[in-house]
>>> print(open('target-v9.csv').read())   # CSV, C-alpha atoms and all ligand atoms
chain,number,residue,atom,x,y,z
A,1,MET,CA,108.6,91.1,96.2
A,2,ASN,CA,106.7,88.4,94.4
A,3,LYS,CA,108.3,85.8,96.7
A,4,ASP,CA,107.1,87.7,99.8
A,5,ILE,CA,103.6,87.9,98.3
A,6,ARG,CA,103.6,84.2,97.8
A,7,LYS,CA,105.2,83.4,101.2
A,8,GLN,CA,102.6,85.4,103.2
A,9,TYR,CA,100.0,82.7,102.6
A,10,ASN,CA,102.1,80.2,104.7
A,11,ASN,CA,101.7,82.6,107.6
A,12,PHE,CA,97.9,82.8,107.8
A,13,HIS,CA,96.7,79.6,106.2
A,14,ASP,CA,95.0,78.5,109.5
A,15,LEU,CA,93.0,81.8,109.9
A,16,TYR,CA,92.1,81.8,106.2
A,17,THR,CA,90.8,78.2,106.3
A,18,GLU,CA,88.7,79.0,109.4
A,19,ASN,CA,87.0,81.9,107.6
A,20,PHE,CA,86.3,80.3,104.2
A,21,ALA,CA,82.6,80.2,104.9
A,22,ASP,CA,82.5,84.1,105.2
A,23,ASP,CA,83.1,84.4,101.4
A,24,GLU,CA,79.5,83.4,101.0
A,25,VAL,CA,78.6,85.6,98.0
A,26,SER,CA,81.7,84.9,96.0
A,27,ASN,CA,81.9,81.2,96.8
A,28,SER,CA,78.3,80.6,95.8
A,29,LEU,CA,78.6,82.6,92.5
A,30,PHE,CA,81.8,80.9,91.6
A,31,HIS,CA,80.3,77.4,92.0
A,32,LYS,CA,77.1,78.5,90.2
A,33,THR,CA,79.2,79.6,87.3
A,34,ILE,CA,80.8,76.1,87.0
A,35,ASP,CA,77.4,75.0,85.6
A,36,PHE,CA,78.6,72.6,82.9
A,37,ASN,CA,79.0,68.8,83.0
A,38,LEU,CA,82.2,67.8,84.9
A,39,GLU,CA,81.7,64.1,84.8
A,40,LYS,CA,85.0,62.3,84.0
A,41,LYS,CA,86.6,65.8,83.3
A,42,LYS,CA,90.2,66.5,84.3
A,43,ILE,CA,90.1,69.7,86.3
A,44,LEU,CA,93.0,71.9,87.6
A,45,ASP,CA,92.6,74.6,90.3
A,46,VAL,CA,95.3,77.3,90.0
A,47,GLY,CA,96.1,78.7,93.5
A,48,CYS,CA,94.0,76.0,95.1
A,49,GLY,CA,94.8,77.1,98.7
A,50,ASP,CA,93.4,74.5,101.1
A,51,GLY,CA,91.5,72.7,98.3
A,52,LYS,CA,88.0,73.3,99.6
A,53,ASP,CA,86.8,74.2,96.1
A,54,LEU,CA,88.1,71.0,94.8
A,55,VAL,CA,86.3,69.1,97.6
A,56,ILE,CA,83.0,70.6,96.2
A,57,LEU,CA,84.0,69.9,92.6
A,58,SER,CA,85.1,66.3,93.4
A,59,LYS,CA,81.4,65.4,93.9
A,60,LYS,CA,81.2,65.7,90.1
A,61,THR,CA,84.6,64.4,88.9
A,62,LYS,CA,87.4,62.4,90.6
A,63,LYS,CA,90.2,63.7,88.3
A,64,ILE,CA,91.3,66.7,90.4
A,65,PHE,CA,94.6,68.5,90.4
A,66,GLY,CA,95.8,71.6,92.2
A,67,ILE,CA,98.8,73.9,92.2
A,68,ASP,CA,99.8,76.5,94.8
A,69,PRO,CA,103.1,78.0,95.9
A,70,SER,CA,102.2,77.7,99.6
A,71,ILE,CA,103.4,74.4,101.1
A,72,GLU,CA,101.2,74.9,104.1
A,73,PHE,CA,98.1,75.3,102.0
A,74,LEU,CA,99.1,72.4,99.9
A,75,LYS,CA,99.3,70.1,102.9
A,76,LYS,CA,95.7,71.0,103.8
A,77,ALA,CA,94.6,70.5,100.2
A,78,GLN,CA,96.0,67.0,100.1
A,79,ILE,CA,94.3,66.1,103.5
A,80,ASN,CA,91.0,67.6,102.2
A,81,ASN,CA,91.4,65.7,98.9
A,82,PRO,CA,93.3,62.4,99.5
A,83,SER,CA,93.1,61.3,95.9
A,84,GLY,CA,93.9,64.7,94.4
A,85,ILE,CA,97.2,65.4,92.8
A,86,PHE,CA,98.9,68.6,94.1
A,87,LYS,CA,102.1,70.4,93.1
A,88,GLU,CA,104.0,73.3,94.5
A,89,ALA,CA,103.9,75.8,91.7
A,90,VAL,CA,102.8,79.2,90.5
A,91,GLY,CA,100.3,80.1,87.9
A,92,GLU,CA,103.0,81.8,85.8
A,93,LYS,CA,104.6,78.4,85.3
A,94,ILE,CA,102.1,75.6,85.4
A,95,PRO,CA,103.9,72.2,85.7
A,96,PHE,CA,101.7,70.3,83.2
A,97,GLN,CA,101.9,69.6,79.5
A,98,ASN,CA,100.0,71.4,76.8
A,99,GLU,CA,96.3,70.6,76.5
A,100,SER,CA,96.2,68.3,79.5
A,101,PHE,CA,93.0,69.6,81.2
A,102,ASP,CA,89.3,69.8,80.3
A,103,VAL,CA,88.7,72.5,82.9
A,104,VAL,CA,90.8,75.1,84.7
A,105,VAL,CA,89.4,77.0,87.6
A,106,SER,CA,90.9,79.6,89.9
A,107,LYS,CA,89.4,81.6,92.8
A,108,TRP,CA,90.9,84.7,94.5
A,109,ALA,CA,94.3,83.7,93.3
A,110,ILE,CA,95.2,85.3,89.9
A,111,GLN,CA,95.5,88.8,91.4
A,112,THR,CA,98.4,87.6,93.6
A,113,SER,CA,100.6,87.4,90.5
A,114,THR,CA,102.6,90.4,89.3
A,115,ASN,CA,102.1,89.0,85.8
A,116,VAL,CA,98.4,88.3,85.2
A,117,PRO,CA,98.8,87.9,81.3
A,118,LYS,CA,101.4,85.2,81.9
A,119,VAL,CA,99.1,83.2,84.2
A,120,LEU,CA,96.2,83.5,81.7
A,121,SER,CA,98.5,82.4,78.9
A,122,GLU,CA,99.6,79.4,80.9
A,123,MET,CA,96.0,78.5,81.7
A,124,ALA,CA,95.3,78.6,77.9
A,125,ARG,CA,98.3,76.4,77.2
A,126,VAL,CA,97.3,73.5,79.6
A,127,LEU,CA,93.6,73.6,78.5
A,128,LYS,CA,92.4,71.4,75.7
A,129,LYS,CA,90.6,73.0,72.7
A,130,GLY,CA,87.0,73.5,73.7
A,131,GLY,CA,88.0,73.3,77.4
A,132,SER,CA,86.5,75.6,80.0
A,133,LEU,CA,88.1,78.3,82.2
A,134,VAL,CA,86.4,79.8,85.2
A,135,PHE,CA,88.2,82.3,87.3
A,136,LEU,CA,87.3,84.7,90.1
A,137,THR,CA,89.7,87.5,90.8
A,138,LYS,CA,89.9,90.7,92.8
A,139,HIS,CA,88.3,93.5,91.0
A,140,PRO,CA,90.7,96.3,89.8
A,141,ILE,CA,88.2,98.9,91.1
A,142,LEU,CA,88.7,97.5,94.6
A,143,GLN,CA,92.4,97.6,94.1
A,144,PHE,CA,92.3,101.2,92.8
A,145,LEU,CA,90.4,102.2,95.9
A,146,GLN,CA,92.9,100.4,98.1
A,147,LYS,CA,95.7,102.2,96.4
A,148,ILE,CA,94.1,105.6,97.2
A,149,ARG,CA,93.6,104.5,100.8
A,150,ASP,CA,97.2,103.2,101.0
A,151,TYR,CA,99.0,106.0,99.2
A,152,GLY,CA,96.6,109.0,99.1
A,153,HIS,CA,95.1,110.8,96.0
A,154,GLY,CA,97.3,111.2,92.9
A,155,VAL,CA,97.8,107.4,92.5
A,156,ASP,CA,98.1,106.0,89.0
A,157,TYR,CA,95.6,103.3,88.0
A,158,TYR,CA,98.0,101.9,85.4
A,159,LYS,CA,101.0,101.6,87.7
A,160,GLN,CA,101.4,98.3,89.5
A,161,GLN,CA,101.8,98.9,93.2
A,162,ILE,CA,101.3,96.7,96.2
A,163,THR,CA,97.9,97.1,97.7
A,164,THR,CA,96.7,96.1,101.2
A,165,SER,CA,93.5,94.1,101.7
A,166,LYS,CA,92.1,93.6,105.2
A,167,ILE,CA,89.8,90.7,105.1
A,168,TYR,CA,87.6,88.8,107.5
A,169,SER,CA,86.9,92.0,109.6
A,170,GLY,CA,90.6,92.9,109.6
A,171,THR,CA,91.9,89.7,111.0
A,172,ILE,CA,94.1,89.0,107.9
A,173,THR,CA,96.1,91.6,106.0
A,174,ILE,CA,97.1,90.5,102.5
A,175,LYS,CA,99.5,92.4,100.2
A,176,GLU,CA,98.9,92.0,96.5
A,177,PRO,CA,100.0,93.8,93.3
A,178,SER,CA,97.4,96.0,91.7
A,179,HIS,CA,96.1,95.2,88.2
A,180,THR,CA,94.1,96.8,85.4
A,181,ILE,CA,91.1,95.3,83.6
A,182,GLY,CA,93.3,95.3,80.4
A,183,GLU,CA,95.8,92.9,82.0
A,184,TYR,CA,93.0,90.3,82.1
A,185,PHE,CA,91.3,90.9,78.7
A,186,ASN,CA,94.4,91.6,76.5
A,187,ALA,CA,94.7,90.6,72.9
A,188,GLU,CA,96.2,87.2,73.7
A,189,PHE,CA,93.4,86.3,76.1
A,190,LEU,CA,90.8,87.2,73.4
A,191,LYS,CA,92.7,85.2,70.8
A,192,ASN,CA,92.8,82.1,73.1
A,193,PHE,CA,89.3,82.3,74.6
A,194,GLU,CA,85.7,83.0,73.8
A,195,ILE,CA,84.1,84.7,76.8
A,196,ILE,CA,80.8,83.0,77.7
A,197,ASP,CA,80.0,84.9,80.9
A,198,TYR,CA,81.1,87.8,83.0
A,199,LYS,CA,79.8,88.7,86.4
A,200,GLU,CA,80.9,91.1,89.0
A,201,GLY,CA,79.9,91.2,92.6
A,202,THR,CA,80.4,92.6,96.1
A,203,ASP,CA,81.5,90.4,99.0
A,204,PHE,CA,81.9,92.2,102.3
A,205,PRO,CA,83.3,91.2,104.8
A,206,ALA,CA,85.4,88.9,102.6
A,207,SER,CA,86.8,92.3,101.5
A,208,THR,CA,87.0,95.5,103.6
A,209,GLN,CA,84.4,98.1,102.7
A,210,ILE,CA,86.4,101.3,102.1
A,211,ASN,CA,84.7,104.6,103.2
A,212,GLY,CA,81.3,102.9,103.4
A,213,ASP,CA,81.2,102.8,99.6
A,214,THR,CA,79.7,99.9,97.6
A,215,TYR,CA,81.6,98.7,94.5
A,216,PRO,CA,82.5,95.4,92.9
A,217,THR,CA,85.1,93.5,94.9
A,218,PHE,CA,85.5,90.6,92.5
A,219,PHE,CA,84.7,89.5,89.0
A,220,ILE,CA,84.1,86.1,87.5
A,221,VAL,CA,84.9,85.0,83.9
A,222,LYS,CA,83.7,81.9,82.2
A,223,ALA,CA,85.4,81.3,78.9
A,224,LYS,CA,85.9,78.5,76.4
A,225,LYS,CA,89.4,77.8,74.9
A,226,LYS,CA,89.2,78.3,71.1
A,301,LIG,C1,93.3,84.2,98.7
A,301,LIG,S1,94.0,82.6,98.5
A,301,LIG,C2,92.7,81.7,97.7
A,301,LIG,C3,92.9,80.2,97.8
A,301,LIG,C4,91.7,79.4,97.3
A,301,LIG,N1,91.6,79.5,95.8
A,301,LIG,C5,90.4,79.9,97.9
A,301,LIG,O1,89.6,80.5,97.2
A,301,LIG,O2,90.2,79.6,99.1
A,301,LIG,C6,95.2,82.9,97.3
A,301,LIG,C7,96.0,81.7,96.9
A,301,LIG,O3,96.9,82.0,95.8
A,301,LIG,C8,98.1,81.4,96.0
A,301,LIG,N2,99.2,82.1,95.2
A,301,LIG,C9,100.0,83.1,95.6
A,301,LIG,N3,100.8,83.5,94.5
A,301,LIG,C10,100.4,82.7,93.5
A,301,LIG,C11,100.8,82.5,92.1
A,301,LIG,N4,101.8,83.3,91.6
A,301,LIG,N5,100.2,81.6,91.3
A,301,LIG,C12,99.2,80.8,91.8
A,301,LIG,N6,98.8,80.9,93.1
A,301,LIG,C13,99.3,81.8,93.9
A,301,LIG,C14,98.4,81.5,97.6
A,301,LIG,O4,99.3,80.7,98.1
A,301,LIG,C15,97.0,81.3,98.1
A,301,LIG,O5,96.7,79.9,98.3
>>> encode(input="target-v9.csv", output="structure tokens")
Amino acid sequence: MNKDIRKQYNNFHDLYTENFADDEVSNSLFHKTIDFNLEKKKILDVGCGDGKDLVILSKKTKKIFGIDPSIEFLKKAQINNPSGIFKEAVGEKIPFQNESFDVVVSKWAIQTSTNVPKVLSEMARVLKKGGSLVFLTKHPILQFLQKIRDYGHGVDYYKQQITTSKIYSGTITIKEPSHTIGEYFNAEFLKNFEIIDYKEGTDFPASTQINGDTYPTFFIVKAKKK
């Protein structure tokens, strides 16, 4: 199933790229959270997609790297960032040596993994001591509501199940595994990182609004590698 989850991005990369600007709230909060000095810093984007976030970050540093399992997205990322270094890879197995980056960022990507703790552990491994991590991911509250919508009442928050997201006014359907808050903030994460900032927000129509309710659709963490 994990392979299918990864492959789906090759199918809608064009539509996704066209709609990037619709993620107005989450995009702007994500970039506002990367508020530290990036000059000459080596930065890795995990699940970089078409590399648009790296285009923004490359105004502050030229040492940009991205990984993504979708070859179609990677082609776009390379075109958008001709001097960037891109590799086809997943967050669970980052193809770089220990302590090779000053900054690791990731937006709307970690939740695609069936093994969030492994991705966060890999991010810690490749970060230098004192390095910064900023990630934005799908909020487990949203995924829980999606589970109820997809499977009906009686669902189990703790059980990983595939959830369906309809984004950009239903033009793209994404299937992703559900997660708990505890998968992000487990003991290993707290051992590896000091949390500097935590924000949650709502971004419709980047996510479907279920039953007209308002709830957080994403959260952002800024953390420092201990
Ligand atoms: C919703 S897109 C976000 C792309 C980009 N970060 C952005 O904000 O526009 C999710 C991305 O995660 C990638 N992805 C899927 N599975 C992954 C995994 N296990 N590790 C890292 N990235 C993954 C997809 O190929 C896709 O490019």
>>> residues_around(input="target-v9.csv", residues="range 162-177 of chain A", least_positions_apart="5", cutoff="9 Å", atoms="only C-alpha atoms", output="list in words")
Asn2, Asp4, Ile5, Gln8, Tyr9, Phe12, Leu15, Tyr16, Asn19, Asp22, Asp23, Gln111, Thr112, Ser113, Thr114, Gln143, Phe144, Gln146, Lys147, Arg149, Asp150, Phe204, Pro205, Ala206, Ser207 and Thr208 of chain A
>>> residues_near_ligand(input="target-v9.csv", ligand="ligand LIG 301 (chain A)", cutoff="6 Å", atoms="all atoms listed in the file", output="list of chain:residue names")
A:Arg6, A:Tyr9, A:Val46, A:Gly47, A:Cys48, A:Gly49, A:Asp68, A:Pro69, A:Ser70, A:Val90, A:Gly91, A:Ser106, A:Lys107, A:Trp108, A:Ala109, A:Thr112, A:Ser113
>>> residues_around(input="target-v9.csv", residues="Asp14 in chain A", least_positions_apart="6", cutoff="10 Å", atoms="only C-alpha atoms", output="list in words")
Asp50, Glu72, Phe73 and Lys76 of chain A
>>> atom_distance(input="target-v9.csv", atom1="CA of Leu74 in chain A", atom2="CA of His13 in chain A")
9.9 Å
>>> residues_around(input="target-v9.csv", residues="Gly201 in chain A", least_positions_apart="2", cutoff="12 Å", atoms="only C-alpha atoms", output="list in words")
Asp23, Glu24, Val25, Ser26, Asn27, Ser28, Leu29, Phe30, Leu136, Thr137, Lys138, His139, Ile141, Leu142, Tyr198, Lys199, Asp203, Phe204, Ala206, Ser207, Thr214, Tyr215, Pro216, Thr217, Phe218, Phe219, Ile220 and Val221 of chain A
>>> atom_distance(input="target-v9.csv", atom1="CA of Ile181 in chain A", atom2="CA of Tyr158 in chain A")
9.7 Å
>>> closest_residue(input="target-v9.csv", among="A:Asn10, A:Thr61, A:Ser121, A:Asn98", to="Phe185 in chain A", atoms="all atoms listed in the file")
A:Ser121
>>> residues_around(input="target-v9.csv", residues="Asn81 in chain A", least_positions_apart="5", cutoff="9 Å", atoms="all atoms listed in the file", output="list in words")
Gly51, Lys52, Leu54, Val55, Ser58, Ile64 and Lys76 of chain A
>>> atom_distance(input="target-v9.csv", atom1="CA of Gly84 in chain A", atom2="CA of Ile67 in chain A")
10.7 Å
>>> residues_near_point(input="target-v9.csv", point="(94.6, 84.8, 70.4)", cutoff="12 Å", atoms="only C-alpha atoms", output="list in words")
Leu120, Ser121, Ala124, Arg125, Phe185, Asn186, Ala187, Glu188, Phe189, Leu190, Lys191, Asn192, Phe193, Glu194, Lys225 and Lys226 of chain A
>>> residues_around(input="target-v9.csv", residues="Ser100 in chain A", least_positions_apart="5", cutoff="12 Å", atoms="all atoms listed in the file", output="list in words")
Lys41, Lys42, Ile43, Leu44, Lys63, Phe65, Ile94, Pro95, Glu122, Met123, Ala124, Arg125, Val126, Leu127, Lys128, Lys129 and Gly131 of chain A
>>> build_atoms(input="target-v9.csv", residues="range 85-99 of chain A", atoms="N, CA, C and O atoms", output="CSV table (one decimal), in the coordinates of the input")
chain,number,residue,atom,x,y,z
A,85,ILE,N,95.8,65.3,93.0
A,85,ILE,CA,97.2,65.4,92.8
A,85,ILE,C,97.6,66.9,92.9
A,85,ILE,O,97.0,67.8,92.2
A,86,PHE,N,98.5,67.2,93.8
A,86,PHE,CA,98.9,68.6,94.1
A,86,PHE,C,100.4,68.8,93.9
A,86,PHE,O,101.2,68.0,94.2
A,87,LYS,N,100.7,70.0,93.3
A,87,LYS,CA,102.1,70.4,93.1
A,87,LYS,C,102.3,71.8,93.6
A,87,LYS,O,101.5,72.6,93.5
A,88,GLU,N,103.5,72.0,94.1
A,88,GLU,CA,104.0,73.3,94.5
A,88,GLU,C,104.4,74.0,93.3
A,88,GLU,O,105.4,73.7,92.7
A,89,ALA,N,103.6,75.0,92.9
A,89,ALA,CA,103.9,75.8,91.7
A,89,ALA,C,103.1,77.0,91.6
A,89,ALA,O,102.2,77.2,92.3
A,90,VAL,N,103.6,77.9,90.7
A,90,VAL,CA,102.8,79.2,90.5
A,90,VAL,C,102.1,79.2,89.2
A,90,VAL,O,102.4,78.4,88.3
A,91,GLY,N,101.1,80.0,89.1
A,91,GLY,CA,100.3,80.1,87.9
A,91,GLY,C,101.1,80.6,86.7
A,91,GLY,O,100.7,80.3,85.5
A,92,GLU,N,102.2,81.3,86.9
A,92,GLU,CA,103.0,81.8,85.8
A,92,GLU,C,103.8,80.6,85.1
A,92,GLU,O,104.3,80.8,84.1
A,93,LYS,N,103.9,79.5,85.8
A,93,LYS,CA,104.6,78.4,85.3
A,93,LYS,C,103.9,77.1,85.7
A,93,LYS,O,104.3,76.5,86.7
A,94,ILE,N,102.9,76.7,85.0
A,94,ILE,CA,102.1,75.6,85.4
A,94,ILE,C,102.8,74.3,85.0
A,94,ILE,O,103.1,74.1,83.8
A,95,PRO,N,103.1,73.4,86.0
A,95,PRO,CA,103.9,72.2,85.7
A,95,PRO,C,103.1,71.0,85.0
A,95,PRO,O,103.2,69.9,85.5
A,96,PHE,N,102.4,71.3,84.0
A,96,PHE,CA,101.7,70.3,83.2
A,96,PHE,C,101.9,70.6,81.7
A,96,PHE,O,102.1,71.7,81.3
A,97,GLN,N,101.7,69.5,81.0
A,97,GLN,CA,101.9,69.6,79.5
A,97,GLN,C,100.8,70.4,78.8
A,97,GLN,O,99.7,70.5,79.4
A,98,ASN,N,101.0,70.8,77.6
A,98,ASN,CA,100.0,71.4,76.8
A,98,ASN,C,98.7,70.6,76.7
A,98,ASN,O,98.8,69.4,76.6
A,99,GLU,N,97.6,71.2,76.7
A,99,GLU,CA,96.3,70.6,76.5
A,99,GLU,C,96.1,69.4,77.4
A,99,GLU,O,95.7,68.3,76.9
